[in-house]
>>> print(open('entry22.cif').read())   # mmCIF, C-alpha atoms (C1' of nucleotides)
data_start
#
loop_
_atom_site.group_PDB
_atom_site.id
_atom_site.type_symbol
_atom_site.label_atom_id
_atom_site.label_comp_id
_atom_site.auth_asym_id
_atom_site.auth_seq_id
_atom_site.Cartn_x
_atom_site.Cartn_y
_atom_site.Cartn_z
ATOM 1 C CA MET X 127 119.594 -78.616 -78.253
ATOM 2 C CA ASP X 128 120.709 -78.044 -74.706
ATOM 3 C CA ARG X 129 118.529 -80.863 -73.515
ATOM 4 C CA PHE X 130 120.958 -83.293 -75.126
ATOM 5 C CA ASN X 131 124.007 -84.476 -73.256
ATOM 6 C CA SER X 132 126.133 -86.022 -75.982
ATOM 7 C CA LYS X 133 126.058 -87.059 -79.609
ATOM 8 C CA ASP X 134 124.417 -90.311 -78.539
ATOM 9 C CA ASP X 135 121.340 -88.370 -77.674
ATOM 10 C CA LEU X 136 120.918 -86.860 -81.093
ATOM 11 C CA LEU X 137 119.811 -90.288 -82.248
ATOM 12 C CA ASN X 138 118.292 -91.601 -79.048
ATOM 13 C CA SER X 139 116.542 -89.946 -76.150
ATOM 14 C CA ARG X 140 118.727 -90.301 -73.137
ATOM 15 C CA LEU X 141 117.151 -89.295 -69.849
ATOM 16 C CA ASN X 142 118.970 -86.351 -68.289
ATOM 17 C CA HIS X 143 119.380 -84.863 -64.830
ATOM 18 C CA THR X 144 115.921 -83.323 -64.745
ATOM 19 C CA PHE X 145 114.437 -86.825 -64.764
ATOM 20 C CA TYR X 146 116.512 -88.070 -61.850
ATOM 21 C CA GLN X 147 116.514 -84.982 -59.655
ATOM 22 C CA ARG X 148 112.981 -85.486 -58.387
ATOM 23 C CA ASP X 149 111.371 -87.435 -55.585
ATOM 24 C CA ALA X 150 112.083 -91.181 -55.792
ATOM 25 C CA LEU X 151 108.421 -92.077 -55.242
ATOM 26 C CA THR X 152 107.481 -89.950 -58.251
ATOM 27 C CA ILE X 153 110.143 -91.486 -60.443
ATOM 28 C CA ALA X 154 109.578 -95.121 -59.474
ATOM 29 C CA PRO X 155 106.415 -95.758 -61.539
ATOM 30 C CA GLU X 156 107.821 -93.662 -64.392
ATOM 31 C CA ILE X 157 111.109 -95.509 -64.621
ATOM 32 C CA LEU X 158 109.359 -98.836 -65.234
ATOM 33 C CA GLY X 159 109.682 -99.671 -68.923
ATOM 34 C CA LYS X 160 112.462 -97.161 -69.558
ATOM 35 C CA THR X 161 115.282 -98.657 -71.610
ATOM 36 C CA LEU X 162 118.463 -99.425 -69.720
ATOM 37 C CA VAL X 163 121.437 -99.402 -72.080
ATOM 38 C CA ARG X 164 124.747 -101.020 -71.179
ATOM 39 C CA ALA X 165 127.518 -100.444 -73.725
ATOM 40 C CA TRP X 166 130.998 -101.925 -74.011
ATOM 41 C CA PRO X 167 133.985 -100.426 -75.884
ATOM 42 C CA ASP X 168 133.834 -103.173 -78.516
ATOM 43 C CA GLY X 169 130.367 -102.039 -79.552
ATOM 44 C CA THR X 170 128.444 -104.700 -77.671
ATOM 45 C CA ARG X 171 125.206 -103.415 -76.189
ATOM 46 C CA ILE X 172 122.482 -104.708 -73.948
ATOM 47 C CA CYS X 173 119.183 -102.818 -74.084
ATOM 48 C CA LEU X 174 116.441 -103.976 -71.735
ATOM 49 C CA PRO X 175 113.441 -102.314 -70.075
ATOM 50 C CA ILE X 176 113.502 -101.784 -66.341
ATOM 51 C CA SER X 177 110.925 -104.195 -64.947
ATOM 52 C CA GLU X 178 111.243 -103.961 -61.168
ATOM 53 C CA VAL X 179 112.562 -101.345 -58.724
ATOM 54 C CA GLU X 180 112.445 -100.556 -55.030
ATOM 55 C CA VAL X 181 112.481 -97.106 -53.430
ATOM 56 C CA TYR X 182 114.820 -96.278 -50.545
ATOM 57 C CA LEU X 183 113.848 -92.939 -49.161
ATOM 58 C CA GLY X 184 116.093 -90.766 -47.055
ATOM 59 C CA THR X 185 117.545 -90.856 -43.568
ATOM 60 C CA HIS X 186 114.235 -91.535 -41.836
ATOM 61 C CA ASP X 187 113.659 -94.743 -43.835
ATOM 62 C CA ARG X 188 115.193 -97.384 -41.575
ATOM 63 C CA ALA X 189 115.621 -99.742 -44.516
ATOM 64 C CA CYS X 190 117.637 -97.174 -46.459
ATOM 65 C CA ASN X 191 121.414 -97.468 -46.399
ATOM 66 C CA ALA X 192 121.549 -93.752 -45.567
ATOM 67 C CA SER X 193 119.387 -94.107 -42.440
ATOM 68 C CA LYS X 194 122.395 -93.863 -40.126
ATOM 69 C CA GLY X 195 123.846 -90.809 -41.834
ATOM 70 C CA LYS X 196 126.603 -90.345 -44.366
ATOM 71 C CA THR X 197 129.428 -92.897 -44.474
ATOM 72 C CA GLU X 198 132.180 -93.644 -46.935
ATOM 73 C CA ARG X 199 130.060 -96.377 -48.449
ATOM 74 C CA ASN X 200 126.801 -94.465 -48.929
ATOM 75 C CA GLN X 201 128.081 -90.916 -49.504
ATOM 76 C CA ILE X 202 127.110 -90.929 -53.172
ATOM 77 C CA MET X 203 123.464 -91.154 -52.116
ATOM 78 C CA PHE X 204 123.789 -87.586 -50.823
ATOM 79 C CA ALA X 205 124.773 -86.260 -54.264
ATOM 80 C CA ASN X 206 122.453 -84.925 -56.952
ATOM 81 C CA GLY X 207 120.280 -87.544 -58.665
ATOM 82 C CA GLY X 208 121.444 -89.371 -61.771
ATOM 83 C CA VAL X 209 124.527 -91.090 -60.410
ATOM 84 C CA ILE X 210 124.991 -94.780 -59.568
ATOM 85 C CA TYR X 211 125.299 -96.185 -56.067
ATOM 86 C CA MET X 212 126.877 -99.664 -56.047
ATOM 87 C CA TYR X 213 127.412 -101.757 -52.946
ATOM 88 C CA LEU X 214 127.999 -105.374 -52.024
ATOM 89 C CA VAL X 215 125.594 -107.447 -49.939
ATOM 90 C CA TYR X 216 126.156 -110.824 -48.338
ATOM 91 C CA GLY X 217 129.748 -110.671 -49.443
ATOM 92 C CA MET X 218 128.954 -111.564 -53.038
ATOM 93 C CA HIS X 219 126.129 -109.682 -54.708
ATOM 94 C CA TRP X 220 126.512 -106.187 -56.163
ATOM 95 C CA MET X 221 123.449 -103.956 -55.896
ATOM 96 C CA PHE X 222 122.747 -101.428 -58.652
ATOM 97 C CA ASN X 223 121.028 -98.285 -57.392
ATOM 98 C CA ILE X 224 120.136 -95.056 -59.159
ATOM 99 C CA VAL X 225 120.415 -92.016 -56.897
ATOM 100 C CA THR X 226 117.458 -89.614 -57.122
ATOM 101 C CA GLY X 227 116.505 -86.273 -55.607
ATOM 102 C CA THR X 228 118.906 -83.420 -54.969
ATOM 103 C CA VAL X 229 121.940 -82.786 -52.749
ATOM 104 C CA ASP X 230 121.574 -84.053 -49.170
ATOM 105 C CA GLN X 231 118.357 -85.834 -50.100
ATOM 106 C CA PRO X 232 119.657 -89.436 -49.897
ATOM 107 C CA GLU X 233 117.210 -91.411 -51.992
ATOM 108 C CA ALA X 234 117.782 -94.219 -54.460
ATOM 109 C CA LEU X 235 116.032 -96.748 -56.642
ATOM 110 C CA LEU X 236 117.317 -100.311 -56.374
ATOM 111 C CA ILE X 237 117.106 -101.952 -59.790
ATOM 112 C CA ARG X 238 115.681 -105.404 -59.086
ATOM 113 C CA GLY X 239 114.688 -106.441 -62.596
ATOM 114 C CA ILE X 240 115.451 -105.743 -66.272
ATOM 115 C CA GLY X 241 113.470 -107.508 -68.977
ATOM 116 C CA ASN X 242 112.715 -110.942 -67.590
ATOM 117 C CA ILE X 243 115.794 -111.022 -65.393
ATOM 118 C CA TYR X 244 114.576 -110.660 -61.834
ATOM 119 C CA GLY X 245 116.777 -110.336 -58.757
ATOM 120 C CA PRO X 246 119.165 -107.436 -58.056
ATOM 121 C CA GLY X 247 122.193 -109.740 -57.919
ATOM 122 C CA ARG X 248 121.258 -111.320 -61.232
ATOM 123 C CA VAL X 249 120.834 -107.912 -62.843
ATOM 124 C CA THR X 250 124.340 -106.761 -61.956
ATOM 125 C CA ARG X 251 125.900 -110.054 -62.961
ATOM 126 C CA HIS X 252 124.156 -109.928 -66.342
ATOM 127 C CA LEU X 253 125.174 -106.311 -66.972
ATOM 128 C CA GLN X 254 128.679 -106.775 -65.536
ATOM 129 C CA LEU X 255 128.254 -104.002 -63.005
ATOM 130 C CA ASP X 256 130.425 -103.796 -59.897
ATOM 131 C CA LYS X 257 132.184 -101.272 -57.683
ATOM 132 C CA HIS X 258 133.777 -99.578 -60.674
ATOM 133 C CA PHE X 259 130.395 -98.066 -61.498
ATOM 134 C CA TYR X 260 130.110 -96.345 -58.133
ATOM 135 C CA GLY X 261 129.417 -92.664 -58.888
ATOM 136 C CA GLU X 262 128.976 -93.173 -62.644
ATOM 137 C CA ASP X 263 126.727 -90.463 -64.116
ATOM 138 C CA LEU X 264 123.816 -91.834 -66.151
ATOM 139 C CA ALA X 265 123.422 -88.514 -67.943
ATOM 140 C CA THR X 266 126.919 -88.551 -69.430
ATOM 141 C CA SER X 267 128.329 -92.088 -69.167
ATOM 142 C CA GLU X 268 129.509 -93.958 -72.237
ATOM 143 C CA MET X 269 128.965 -97.280 -70.464
ATOM 144 C CA ILE X 270 125.461 -97.071 -69.061
ATOM 145 C CA TRP X 271 122.395 -94.840 -69.361
ATOM 146 C CA LEU X 272 118.610 -94.783 -69.651
ATOM 147 C CA GLU X 273 116.551 -93.915 -72.703
ATOM 148 C CA GLU X 274 112.993 -92.689 -73.030
ATOM 149 C CA ALA X 275 110.247 -95.258 -73.634
ATOM 150 C CA PRO X 276 106.439 -95.263 -73.622
ATOM 151 C CA PRO X 277 104.917 -95.190 -70.122
ATOM 152 C CA VAL X 278 103.963 -98.507 -68.565
ATOM 153 C CA LYS X 279 100.212 -98.659 -68.098
ATOM 154 C CA ARG X 280 99.909 -101.481 -65.599
ATOM 155 C CA TYR X 281 102.214 -102.322 -62.721
ATOM 156 C CA SER X 282 101.934 -103.693 -59.210
ATOM 157 C CA THR X 283 103.325 -102.479 -55.906
ATOM 158 C CA GLY X 284 104.137 -104.234 -52.667
ATOM 159 C CA PRO X 285 106.450 -104.287 -49.644
ATOM 160 C CA ARG X 286 110.194 -104.299 -50.163
ATOM 161 C CA VAL X 287 112.203 -107.503 -49.945
ATOM 162 C CA GLY X 288 114.683 -108.490 -47.260
ATOM 163 C CA ILE X 289 114.279 -105.560 -44.886
ATOM 164 C CA ASN X 290 112.453 -107.115 -41.931
ATOM 165 C CA TYR X 291 115.093 -105.675 -39.625
ATOM 166 C CA ALA X 292 113.815 -102.157 -40.413
ATOM 167 C CA GLY X 293 110.597 -102.670 -38.445
ATOM 168 C CA GLU X 294 107.284 -100.866 -38.892
ATOM 169 C CA PRO X 295 106.214 -98.884 -40.727
ATOM 170 C CA TRP X 296 109.088 -99.368 -43.148
ATOM 171 C CA VAL X 297 108.635 -103.109 -43.734
ATOM 172 C CA SER X 298 105.092 -102.461 -44.875
ATOM 173 C CA MET X 299 105.565 -99.470 -47.142
ATOM 174 C CA PRO X 300 104.534 -100.520 -50.702
ATOM 175 C CA TRP X 301 107.697 -99.212 -52.276
ATOM 176 C CA ARG X 302 108.397 -102.122 -54.597
ATOM 177 C CA TYR X 303 107.234 -101.467 -58.162
ATOM 178 C CA LYS X 304 106.976 -104.220 -60.731
ATOM 179 C CA ILE X 305 105.598 -104.460 -64.256
ATOM 180 C "C1'" DT V 61 141.047 -104.943 -33.815
ATOM 181 C "C1'" DT V 62 137.071 -107.523 -33.934
ATOM 182 C "C1'" DG V 63 132.655 -109.308 -34.918
ATOM 183 C "C1'" DA V 64 127.938 -109.211 -36.268
ATOM 184 C "C1'" DA V 65 124.778 -108.320 -39.751
ATOM 185 C "C1'" DG V 66 123.309 -107.912 -44.316
ATOM 186 C "C1'" DA V 67 118.208 -104.235 -49.995
ATOM 187 C "C1'" DT V 68 120.753 -112.334 -52.163
ATOM 188 C "C1'" DG V 69 120.886 -116.581 -54.920
ATOM 189 C "C1'" DA V 70 121.413 -121.442 -55.571
ATOM 190 C "C1'" DT V 71 120.728 -125.617 -53.791
ATOM 191 C "C1'" DT V 72 118.765 -129.233 -50.539
ATOM 192 C "C1'" DA E 35 116.011 -124.378 -44.456
ATOM 193 C "C1'" DT E 36 120.853 -123.795 -45.306
ATOM 194 C "C1'" DC E 37 125.073 -122.265 -47.180
ATOM 195 C "C1'" DA E 38 128.282 -119.611 -49.855
ATOM 196 C "C1'" DT E 39 131.101 -115.509 -48.969
ATOM 197 C "C1'" DC E 40 133.100 -110.655 -47.463
ATOM 198 C "C1'" DT E 41 132.460 -105.668 -46.816
ATOM 199 C "C1'" DT E 42 131.061 -102.232 -43.715
ATOM 200 C "C1'" DC E 43 130.617 -100.057 -39.530
ATOM 201 C "C1'" DA E 44 130.248 -99.535 -34.735
ATOM 202 C "C1'" DA E 45 131.825 -101.242 -30.479
ATOM 203 C "C1'" DG E 46 135.613 -102.261 -27.475
#
>>> encode(input="entry22.cif", output="structure tokens")
Amino acid sequence: MDRFNSKDDLLNSRLNHTFYQRDALTIAPEILGKTLVRAWPDGTRICLPISEVEVYLGTHDRACNASKGKTERNQIMFANGGVIYMYLVYGMHWMFNIVTGTVDQPEALLIRGIGNIYGPGRVTRHLQLDKHFYGEDLATSEMIWLEEAPPVKRYSTGPRVGINYAGEPWVSMPWRYKI
DNA sequence: TTGAAGATGATT
DNA sequence: ATCATCTTCAAG
């Protein structure tokens, strides 16, 4: 029973650290279709499949927020996988990222779509996610986690959105995964 | 202390 | 094509 993290997981199959602490490019196609669960204290829940993600891969990836080294804002990306990295863009949109890999391997998956809600800013607004979720652990949290689901058979890949400033080859890497 | 840029979304 | 809106970080 040591693969379970809490009593929640006796009924459901919450993904644990072993899922997250791998290479982001390996996880990306696997995480599509997995059930994202957002729970509130009053019992309200939103359960939707992850439908679109983007990979941000380490300090050499010029589009990655960790490309210029560790800062106060991005430091959680350098932690072990399974925690949440939240940050604000354009002064108004919160981005929901899942940190992957192991310590000092700053990778993350940007959640761009859940169900038929597409757009990273729309996702966080719908799920009511903001800076308070910075560092939240998906393996143990009572507010948000992922559950196992059948693998997605068909998905498409393409270049990431909004990173033209990163230049080649990063603008062209097909690191956007969509059902 | 300041300012420029930004993993966006809604509207024109 | 433009604007709304503000944090972060590096430069001065």
>>> interface_residues(input="entry22.cif", of="chain X", to="chain V", cutoff="9 Å", atoms="only C-alpha atoms (C1' of nucleotides)", output="compact mmCIF listing (two decimals) with C-alpha atoms, in the coordinates of the input")
# COMPACT_ATOMS: atom_id res chain seq x y z
CA GLU X 180 112.44 -100.56 -55.03
CA TYR X 182 114.82 -96.28 -50.54
CA ALA X 189 115.62 -99.74 -44.52
CA CYS X 190 117.64 -97.17 -46.46
CA ASN X 191 121.41 -97.47 -46.40
CA VAL X 215 125.59 -107.45 -49.94
CA TYR X 216 126.16 -110.82 -48.34
CA GLY X 217 129.75 -110.67 -49.44
CA MET X 218 128.95 -111.56 -53.04
CA HIS X 219 126.13 -109.68 -54.71
CA MET X 221 123.45 -103.96 -55.90
CA LEU X 236 117.32 -100.31 -56.37
CA GLY X 245 116.78 -110.34 -58.76
CA PRO X 246 119.16 -107.44 -58.06
CA GLY X 247 122.19 -109.74 -57.92
CA ARG X 248 121.26 -111.32 -61.23
CA ARG X 286 110.19 -104.30 -50.16
CA VAL X 287 112.20 -107.50 -49.94
CA GLY X 288 114.68 -108.49 -47.26
CA ILE X 289 114.28 -105.56 -44.89
>>> resolve_selection(input="entry22.cif", expression="the PyMOL selection byres ((chain E) within 10 of (chain X))", output="MDAnalysis selection string")
chainID E and resid 38:43
>>> atom_distance(input="entry22.cif", atom1="atom CA of Ala165 of chain X", atom2="atom CA of Trp301 of chain X")
29.2 Å
>>> resolve_selection(input="entry22.cif", expression="the PyMOL selection byres ((chain X and resi 270) around 12)", output="PyMOL selection string")
chain X and resi 134+140-141+161-167+170-174+208-210+222+224+253-255+259-269+271-273
>>> write_last_selection(input="entry22.cif", atoms="C-alpha atoms", output="compact mmCIF listing (two decimals), keeping the file's coordinate frame")
# COMPACT_ATOMS: atom_id res chain seq x y z
CA ASP X 134 124.42 -90.31 -78.54
CA ARG X 140 118.73 -90.30 -73.14
CA LEU X 141 117.15 -89.30 -69.85
CA THR X 161 115.28 -98.66 -71.61
CA LEU X 162 118.46 -99.42 -69.72
CA VAL X 163 121.44 -99.40 -72.08
CA ARG X 164 124.75 -101.02 -71.18
CA ALA X 165 127.52 -100.44 -73.72
CA TRP X 166 131.00 -101.92 -74.01
CA PRO X 167 133.99 -100.43 -75.88
CA THR X 170 128.44 -104.70 -77.67
CA ARG X 171 125.21 -103.42 -76.19
CA ILE X 172 122.48 -104.71 -73.95
CA CYS X 173 119.18 -102.82 -74.08
CA LEU X 174 116.44 -103.98 -71.74
CA GLY X 208 121.44 -89.37 -61.77
CA VAL X 209 124.53 -91.09 -60.41
CA ILE X 210 124.99 -94.78 -59.57
CA PHE X 222 122.75 -101.43 -58.65
CA ILE X 224 120.14 -95.06 -59.16
CA LEU X 253 125.17 -106.31 -66.97
CA GLN X 254 128.68 -106.78 -65.54
CA LEU X 255 128.25 -104.00 -63.00
CA PHE X 259 130.40 -98.07 -61.50
CA TYR X 260 130.11 -96.34 -58.13
CA GLY X 261 129.42 -92.66 -58.89
CA GLU X 262 128.98 -93.17 -62.64
CA ASP X 263 126.73 -90.46 -64.12
CA LEU X 264 123.82 -91.83 -66.15
CA ALA X 265 123.42 -88.51 -67.94
CA THR X 266 126.92 -88.55 -69.43
CA SER X 267 128.33 -92.09 -69.17
CA GLU X 268 129.51 -93.96 -72.24
CA MET X 269 128.96 -97.28 -70.46
CA TRP X 271 122.40 -94.84 -69.36
CA LEU X 272 118.61 -94.78 -69.65
CA GLU X 273 116.55 -93.92 -72.70
>>> atom_distance(input="entry22.cif", atom1="atom CA of Gln147 of chain X", atom2="atom CA of Gly207 of chain X")
4.7 Å
>>> atom_distance(input="entry22.cif", atom1="atom CA of Gly195 of chain X", atom2="atom CA of Thr228 of chain X")
15.9 Å
>>> resolve_selection(input="entry22.cif", expression="the PyMOL selection byres ((chain X and resi 192) around 12)", output="VMD selection string")
(chain X and resid 182 to 191 193 to 205 211 225 230 to 234) or (chain V and resid 67)
